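Peer 1: Input structure: input_18.pdb, which contains PDB, C-alpha atoms.
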```
ATOM      1  CA  MET Z   1      11.764 139.134 -48.793
ATOM      2  CA  LYS Z   2      14.622 137.230 -50.467
ATOM      3  CA  ASN Z   3      16.118 136.537 -47.023
ATOM      4  CA  LEU Z   4      12.801 135.082 -45.850
ATOM      5  CA  ILE Z   5      12.711 132.769 -48.866
ATOM      6  CA  ILE Z   6      16.267 131.563 -48.182
ATOM      7  CA  ILE Z   7      15.421 130.865 -44.526
ATOM      8  CA  PHE Z   8      12.226 129.071 -45.588
ATOM      9  CA  MET Z   9      14.126 126.890 -48.087
ATOM     10  CA  LEU Z  10      16.787 126.008 -45.492
ATOM     11  CA  PHE Z  11      14.041 125.002 -43.061
ATOM     12  CA  LEU Z  12      12.457 122.782 -45.710
ATOM     13  CA  SER Z  13      15.786 121.147 -46.563
ATOM     14  CA  CYS Z  14      16.457 120.326 -42.910
ATOM     15  CA  SER Z  15      12.927 119.016 -42.459
ATOM     16  CA  LEU Z  16      13.130 116.800 -45.520
ATOM     17  CA  SER Z  17      16.491 115.305 -44.630
ATOM     18  CA  SER Z  18      15.455 114.584 -41.030
ATOM     19  CA  GLN Z  19      12.257 112.747 -41.962
ATOM     20  CA  ASN Z  20      13.646 109.872 -44.021
ATOM     21  CA  ASP Z  21      11.825 107.361 -41.829
ATOM     22  CA  GLN Z  22       8.469 108.890 -42.834
ATOM     23  CA  ASN Z  23       8.874 108.647 -46.602
ATOM     24  CA  LYS Z  24       5.343 109.679 -47.515
ATOM     25  CA  TRP Z  25       4.964 111.351 -50.891
ATOM     26  CA  ARG Z  26       1.982 112.579 -52.853
ATOM     27  CA  VAL Z  27       1.821 113.499 -56.544
ATOM     28  CA  GLY Z  28      -1.003 115.343 -58.262
ATOM     29  CA  VAL Z  29      -2.011 116.614 -61.683
ATOM     30  CA  ASN Z  30      -4.351 119.609 -61.776
ATOM     31  CA  LEU Z  31      -6.124 122.086 -64.012
ATOM     32  CA  SER Z  32      -5.457 125.705 -63.040
ATOM     33  CA  THR Z  33      -7.272 129.012 -63.462
ATOM     34  CA  VAL Z  34      -5.773 132.383 -62.548
ATOM     35  CA  MET Z  35      -8.147 135.284 -61.812
ATOM     36  CA  PHE Z  36      -7.005 138.923 -61.935
ATOM     37  CA  GLY Z  37      -9.041 141.733 -60.331
ATOM     38  CA  ASP Z  38      -9.918 144.974 -62.114
ATOM     39  CA  GLU Z  39      -6.703 146.854 -61.224
ATOM     40  CA  ALA Z  40      -4.503 143.806 -61.846
ATOM     41  CA  SER Z  41      -6.118 143.125 -65.233
ATOM     42  CA  LYS Z  42      -5.260 146.643 -66.374
ATOM     43  CA  LYS Z  43      -1.598 145.883 -65.720
ATOM     44  CA  VAL Z  44      -1.386 142.400 -67.282
ATOM     45  CA  LYS Z  45      -4.185 142.834 -69.886
ATOM     46  CA  GLU Z  46      -5.962 139.671 -68.732
ATOM     47  CA  ASN Z  47      -8.927 138.759 -66.481
ATOM     48  CA  PHE Z  48      -8.753 134.952 -66.579
ATOM     49  CA  ASN Z  49      -5.900 132.699 -67.618
ATOM     50  CA  MET Z  50      -6.163 128.894 -67.761
ATOM     51  CA  GLN Z  51      -3.266 126.447 -67.531
ATOM     52  CA  PHE Z  52      -2.709 122.717 -67.792
ATOM     53  CA  PRO Z  53      -0.948 121.049 -66.135
ATOM     54  CA  SER Z  54      -0.311 122.180 -62.587
ATOM     55  CA  ILE Z  55       1.967 119.497 -61.110
ATOM     56  CA  GLU Z  56       1.935 119.004 -57.345
ATOM     57  CA  ILE Z  57       4.515 117.068 -55.308
ATOM     58  CA  SER Z  58       4.011 116.855 -51.544
ATOM     59  CA  ARG Z  59       5.937 115.313 -48.700
ATOM     60  CA  LYS Z  60       4.617 114.629 -45.223
ATOM     61  CA  LEU Z  61       6.705 116.223 -42.475
ATOM     62  CA  GLY Z  62       4.606 115.134 -39.507
ATOM     63  CA  GLN Z  63       1.147 113.971 -38.484
ATOM     64  CA  ASN Z  64      -0.720 116.915 -40.053
ATOM     65  CA  LEU Z  65       2.092 118.961 -41.614
ATOM     66  CA  SER Z  66       3.326 118.654 -45.199
ATOM     67  CA  VAL Z  67       5.356 120.622 -47.685
ATOM     68  CA  ASP Z  68       3.901 121.162 -51.178
ATOM     69  CA  PHE Z  69       5.726 122.061 -54.364
ATOM     70  CA  ILE Z  70       3.484 123.196 -57.231
ATOM     71  CA  TYR Z  71       4.654 123.941 -60.767
ATOM     72  CA  THR Z  72       2.095 125.521 -63.089
ATOM     73  CA  VAL Z  73       2.671 125.973 -66.797
ATOM     74  CA  GLU Z  74       0.534 126.299 -69.900
ATOM     75  CA  PHE Z  75       1.585 123.183 -71.766
ATOM     76  CA  LEU Z  76      -1.724 122.371 -73.446
ATOM     77  CA  GLN Z  77      -4.186 125.018 -74.626
ATOM     78  CA  SER Z  78      -7.932 124.353 -74.534
ATOM     79  CA  ARG Z  79      -8.370 126.725 -77.495
ATOM     80  CA  LYS Z  80      -5.761 128.691 -79.391
ATOM     81  CA  GLY Z  81      -5.606 132.309 -78.315
ATOM     82  CA  VAL Z  82      -7.646 131.895 -75.110
ATOM     83  CA  ASN Z  83      -4.890 133.357 -72.901
ATOM     84  CA  ALA Z  84      -3.296 136.744 -73.559
ATOM     85  CA  PHE Z  85       0.011 135.401 -72.182
ATOM     86  CA  LYS Z  86       1.487 132.122 -70.972
ATOM     87  CA  TYR Z  87       1.304 132.036 -67.178
ATOM     88  CA  SER Z  88       3.824 129.920 -65.283
ATOM     89  CA  SER Z  89       4.767 129.769 -61.614
ATOM     90  CA  PHE Z  90       6.602 127.697 -59.024
ATOM     91  CA  ASP Z  91       5.190 127.720 -55.494
ATOM     92  CA  THR Z  92       6.075 126.042 -52.224
ATOM     93  CA  TYR Z  93       3.782 125.811 -49.203
ATOM     94  CA  LEU Z  94       3.716 124.532 -45.663
ATOM     95  CA  ARG Z  95       0.318 122.803 -45.517
ATOM     96  CA  TYR Z  96      -1.585 121.903 -42.357
ATOM     97  CA  GLU Z  97      -4.358 119.319 -42.605
ATOM     98  CA  LEU Z  98      -7.362 119.786 -40.337
ATOM     99  CA  PRO Z  99      -9.317 116.839 -38.886
ATOM    100  CA  GLU Z 100     -11.329 114.813 -41.374
ATOM    101  CA  LEU Z 101     -14.893 116.117 -41.740
ATOM    102  CA  PHE Z 102     -17.098 113.391 -43.274
ATOM    103  CA  LEU Z 103     -17.009 111.167 -46.364
ATOM    104  CA  ASN Z 104     -13.186 111.218 -46.133
ATOM    105  CA  ILE Z 105     -13.029 114.971 -46.815
ATOM    106  CA  VAL Z 106      -9.836 116.484 -45.351
ATOM    107  CA  PRO Z 107      -9.649 120.314 -45.339
ATOM    108  CA  PHE Z 108      -6.294 122.102 -45.229
ATOM    109  CA  GLY Z 109      -4.663 125.504 -45.224
ATOM    110  CA  GLY Z 110      -1.168 126.809 -45.745
ATOM    111  CA  ILE Z 111       1.266 129.617 -46.372
ATOM    112  CA  GLY Z 112       4.226 129.858 -48.715
ATOM    113  CA  PHE Z 113       6.227 131.667 -51.360
ATOM    114  CA  GLY Z 114       6.202 131.663 -55.122
ATOM    115  CA  TYR Z 115       7.965 132.795 -58.269
ATOM    116  CA  ILE Z 116       5.757 133.942 -61.164
ATOM    117  CA  LYS Z 117       6.998 134.534 -64.700
ATOM    118  CA  GLY Z 118       6.307 138.056 -65.939
ATOM    119  CA  ALA Z 119       3.343 138.652 -68.240
ATOM    120  CA  THR Z 120       4.484 139.139 -71.831
ATOM    121  CA  THR Z 121       1.636 141.634 -72.283
ATOM    122  CA  THR Z 122       3.646 144.140 -70.205
ATOM    123  CA  PRO Z 123       6.494 146.312 -71.585
ATOM    124  CA  ASN Z 124       9.246 144.705 -69.484
ATOM    125  CA  PRO Z 125       8.220 141.149 -68.520
ATOM    126  CA  GLN Z 126      10.308 140.128 -65.508
ATOM    127  CA  GLY Z 127       9.577 137.451 -62.922
ATOM    128  CA  SER Z 128       8.102 138.371 -59.541
ATOM    129  CA  LEU Z 129       8.145 136.853 -56.060
ATOM    130  CA  SER Z 130       4.891 136.343 -54.194
ATOM    131  CA  LEU Z 131       3.743 135.675 -50.652
ATOM    132  CA  ASN Z 132       0.946 133.097 -50.797
ATOM    133  CA  ILE Z 133      -1.866 131.841 -48.600
ATOM    134  CA  MET Z 134      -4.148 128.988 -49.575
ATOM    135  CA  GLY Z 135      -6.992 126.770 -48.449
ATOM    136  CA  GLY Z 136      -8.656 123.707 -49.873
ATOM    137  CA  ALA Z 137      -9.722 120.132 -49.305
ATOM    138  CA  THR Z 138      -9.124 116.599 -50.542
ATOM    139  CA  ILE Z 139     -11.768 113.906 -50.766
ATOM    140  CA  TRP Z 140     -10.162 110.456 -50.616
ATOM    141  CA  VAL Z 141     -12.002 107.963 -52.823
ATOM    142  CA  SER Z 142      -9.561 105.191 -51.855
ATOM    143  CA  GLU Z 143      -6.484 104.788 -49.653
ATOM    144  CA  ARG Z 144      -4.241 106.199 -52.364
ATOM    145  CA  VAL Z 145      -6.382 108.222 -54.774
ATOM    146  CA  GLY Z 146      -8.075 111.520 -53.992
ATOM    147  CA  LEU Z 147      -9.791 114.456 -55.681
ATOM    148  CA  THR Z 148      -8.407 117.778 -54.511
ATOM    149  CA  GLY Z 149      -9.019 121.458 -54.936
ATOM    150  CA  ARG Z 150      -7.459 124.601 -53.507
ATOM    151  CA  ILE Z 151      -7.597 128.342 -53.936
ATOM    152  CA  MET Z 152      -4.492 130.459 -53.459
ATOM    153  CA  TYR Z 153      -4.036 134.179 -53.061
ATOM    154  CA  LYS Z 154      -0.673 135.345 -54.401
ATOM    155  CA  ASN Z 155       0.394 138.725 -53.072
ATOM    156  CA  VAL Z 156       2.828 140.401 -55.484
ATOM    157  CA  SER Z 157       4.605 143.658 -54.652
ATOM    158  CA  SER Z 158       2.901 146.705 -56.152
ATOM    159  CA  SER Z 159       6.312 147.759 -57.518
ATOM    160  CA  SER Z 160       6.291 144.800 -59.940
ATOM    161  CA  GLU Z 161       5.805 146.056 -63.493
ATOM    162  CA  SER Z 162       4.944 142.722 -65.081
ATOM    163  CA  MET Z 163       2.726 140.888 -62.551
ATOM    164  CA  ALA Z 164       0.011 141.765 -60.025
ATOM    165  CA  SER Z 165      -1.597 140.111 -57.008
ATOM    166  CA  HIS Z 166      -4.187 137.519 -58.011
ATOM    167  CA  PHE Z 167      -6.105 134.366 -57.103
ATOM    168  CA  GLN Z 168      -5.300 130.934 -58.496
ATOM    169  CA  GLY Z 169      -7.629 127.970 -58.249
ATOM    170  CA  ILE Z 170      -6.467 124.439 -59.000
ATOM    171  CA  GLY Z 171      -8.261 121.116 -58.964
ATOM    172  CA  GLY Z 172      -7.391 117.601 -59.970
ATOM    173  CA  ILE Z 173      -6.303 114.131 -58.869
ATOM    174  CA  VAL Z 174      -3.686 113.190 -56.259
ATOM    175  CA  TYR Z 175      -2.002 109.866 -55.590
ATOM    176  CA  ASN Z 176      -0.441 108.855 -52.250
ATOM    177  CA  PHE Z 177       2.723 106.743 -52.074
ATOM    178  CA  ASN Z 178       3.901 104.651 -49.075
ATOM    179  CA  ILE Z 179       0.712 104.744 -47.061
ATOM    180  CA  ASN Z 180       1.487 103.568 -43.543
ATOM    181  CA  SER Z 181      -1.874 102.097 -42.672
ATOM    182  CA  ALA Z 182      -0.464 100.409 -39.568
ATOM    183  CA  ALA Z 183       0.217 103.784 -37.951
ATOM    184  CA  GLY Z 184      -3.427 104.706 -37.944
ATOM    185  CA  GLY Z 185      -4.884 101.256 -37.423
ATOM    186  CA  GLU Z 186      -6.977 100.613 -40.519
ATOM    187  CA  GLY Z 187      -5.876 103.591 -42.626
ATOM    188  CA  ARG Z 188      -8.323 105.473 -44.824
ATOM    189  CA  LYS Z 189     -11.456 103.722 -45.942
ATOM    190  CA  ARG Z 190     -13.144 104.112 -49.305
ATOM    191  CA  ILE Z 191     -16.282 106.233 -49.460
ATOM    192  CA  TRP Z 192     -18.386 103.238 -50.448
ATOM    193  CA  ASP Z 193     -17.157 101.350 -47.342
ATOM    194  CA  GLU Z 194     -18.518 104.026 -44.972
ATOM    195  CA  LYS Z 195     -21.513 103.171 -42.791
ATOM    196  CA  HIS Z 196     -24.368 105.650 -43.312
TER     197      HIS Z 196
END
```
Give the structure from the file, written as structure tokens.

Peer 2:
Amino acid sequence: MKNLIIIFMLFLSCSLSSQNDQNKWRVGVNLSTVMFGDEASKKVKENFNMQFPSIEISRKLGQNLSVDFIYTVEFLQSRKGVNAFKYSSFDTYLRYELPELFLNIVPFGGIGFGYIKGATTTPNPQGSLSLNIMGGATIWVSERVGLTGRIMYKNVSSSSESMASHFQGIGGIVYNFNINSAAGGEGRKRIWDEKH
């Protein structure tokens, strides 16, 4: 699996360096919730774990293809003692955007890899690698600002002693930089400009 991650990272590096003429970046700030199933919760001693912030940085590689980098960490607690342990992860995805549905809603899906810090509720908390799939959508309220949400399934090897496979849901606000509205004619319209 480590070899696959190295190949994936090399591919991303080549893609990023070859797309300098399409400098399109997106930054987002999200709230995150991690959900462990029954078997997983026995291992990590937790059913739900909430984090803020989950920082997202994305770069467009082509018309519908982007690469996402997501860093999740528990920096602010909603209430002291809510989480049994501090969850943190770094994930990277290749994201494919599907055609716009209606009201500027753009669905997407993707696949990627992640690194998850080991749960301190386990005897030997060591980090684990994960193979991830995800799906979600963004609703664009203006050319640059959108509300986004996604759910990710993170598959962790059963041999890991300090982490288990789980779902992670994130939702928040994204901001687009360097919108090339000329490429698509008029670019994205605001919801309130749509004809109903």

Peer 1: On this structure, which residues satisfy the PyMOL selection byres ((chain Z and resi 110) around 6), written as a ChimeraX atom specification?

Peer 2: /Z:94-96,109,111,133-134

Peer 1: When distances are computed from all atoms listed in the file, which of Z:Ala40, Z:Met163, Z:Val27, Z:Ala84 shows the smallest separation from Arg59 (chain Z)?

Peer 2: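 Between Z:Ala40, Z:Met163, Z:Val27, Z:Ala84, the residue approaching Arg59 (chain Z) most closely is Z:Val27.
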
Peer 1: Going by the chain IDs and residue numbers used in this file, which residues fall under the PyMOL selection byres ((chain Z and resi 172) around 9)? Write them as a PyMOL selection string.

Peer 2: chain Z and resi 28-32+54+146-149+170-171+173-174

Peer 1: Carefully work through the PyMOL selection byres ((chain Z and resi 132) around 8) for this structure and note down the residues it includes, as a list of chain:residue names.

Peer 2: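 Evaluating the PyMOL selection byres ((chain Z and resi 132) around 8) on these coordinates yields Z:Tyr93, Z:Ile111, Z:Gly112, Z:Phe113, Z:Gly114, Z:Ser130, Z:Leu131, Z:Ile133, Z:Met134, Z:Met152, Z:Tyr153, Z:Lys154, Z:Asn155.
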
Peer 1: Can you work out which one of Z:Ser89, Z:Gln63, Z:Asn83, Z:Thr122 has the shortest atom-to-atom distance to Lys24 (chain Z), counting all atoms listed in the file?

Peer 2: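 For Lys24 (chain Z), the nearest of the candidates is Z:Gln63.
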
Peer 1: One number please: CA of Thr72 (chain Z) to CA of Thr121 (chain Z), in Å, one decimal.

Peer 2: 18.6 Å

Peer 1: Any idea what the distance is between CA of Gly135 (chain Z) and CA of Glu97 (chain Z)?

Peer 2: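 Value for the CA of Gly135 (chain Z)-CA of Glu97 (chain Z) distance: 9.8 Å.
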
Peer 1: Find, counting all atoms listed in the file, the residue in Z:Ile105, Z:Val82, Z:Val73, Z:Val145 that gets nearest to Glu46 (chain Z).

Peer 2: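 Ranked by minimum distance to Glu46 (chain Z), first place goes to Z:Val82.
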
Peer 1: For CA of Gly37 (chain Z) and CA of His166 (chain Z), quote the distance in Å rounded to one decimal.

Peer 2: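 Straight-line distance from CA of Gly37 (chain Z) to CA of His166 (chain Z) works out to 6.8 Å.
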
Peer 1: Name the residues in contact with Ala164 (chain Z) at a cut-off of 10 Å, using all atoms listed in the file, excluding same-chain residues fewer than 3 positions from it; report them as an MDAnalysis selection string.

Peer 2: chainID Z and resid 36:37 39:44 116 118:119 128 130 154:161

Peer 1: Produce the centre coordinates and the three edge lengths, each in Å to one decimal, of the box along x, y and z that contains all listed atoms of region 136-145 of chain Z with 3 Å added on each side, as AutoDock Vina command-line options.

Peer 2:
```
--center_x -8.1 --center_y 114.2 --center_z -52.0 --size_x 13.8 --size_y 24.9 --size_z 11.5
```

Peer 1: Point out the residue among Z:Leu65, Z:Met35, Z:Ile55, Z:Leu76 with the least atom-to-atom distance to Ser165 (chain Z), counting all atoms listed in the file.

Peer 2: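 Among Z:Leu65, Z:Met35, Z:Ile55, Z:Leu76, it is Z:Met35 that comes nearest to Ser165 (chain Z).
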
Peer 1: For a cutoff of 7 Å around the file-coordinate point (0.6, 121.6, -70.1), which residues qualify once you count all atoms listed in the file? I'd like the result as an mmCIF file with C-alpha atoms, in the coordinates of the input.

Peer 2:
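And here is the file that came out, point-v3.cif:
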```cif
data_model
loop_
_atom_site.group_PDB
_atom_site.id
_atom_site.type_symbol
_atom_site.label_atom_id
_atom_site.label_comp_id
_atom_site.auth_asym_id
_atom_site.auth_seq_id
_atom_site.Cartn_x
_atom_site.Cartn_y
_atom_site.Cartn_z
ATOM 1 C CA GLN Z 51 -3.266 126.447 -67.531
ATOM 2 C CA PHE Z 52 -2.709 122.717 -67.792
ATOM 3 C CA PRO Z 53 -0.948 121.049 -66.135
ATOM 4 C CA VAL Z 73 2.671 125.973 -66.797
ATOM 5 C CA GLU Z 74 0.534 126.299 -69.900
ATOM 6 C CA PHE Z 75 1.585 123.183 -71.766
ATOM 7 C CA LEU Z 76 -1.724 122.371 -73.446
#
```
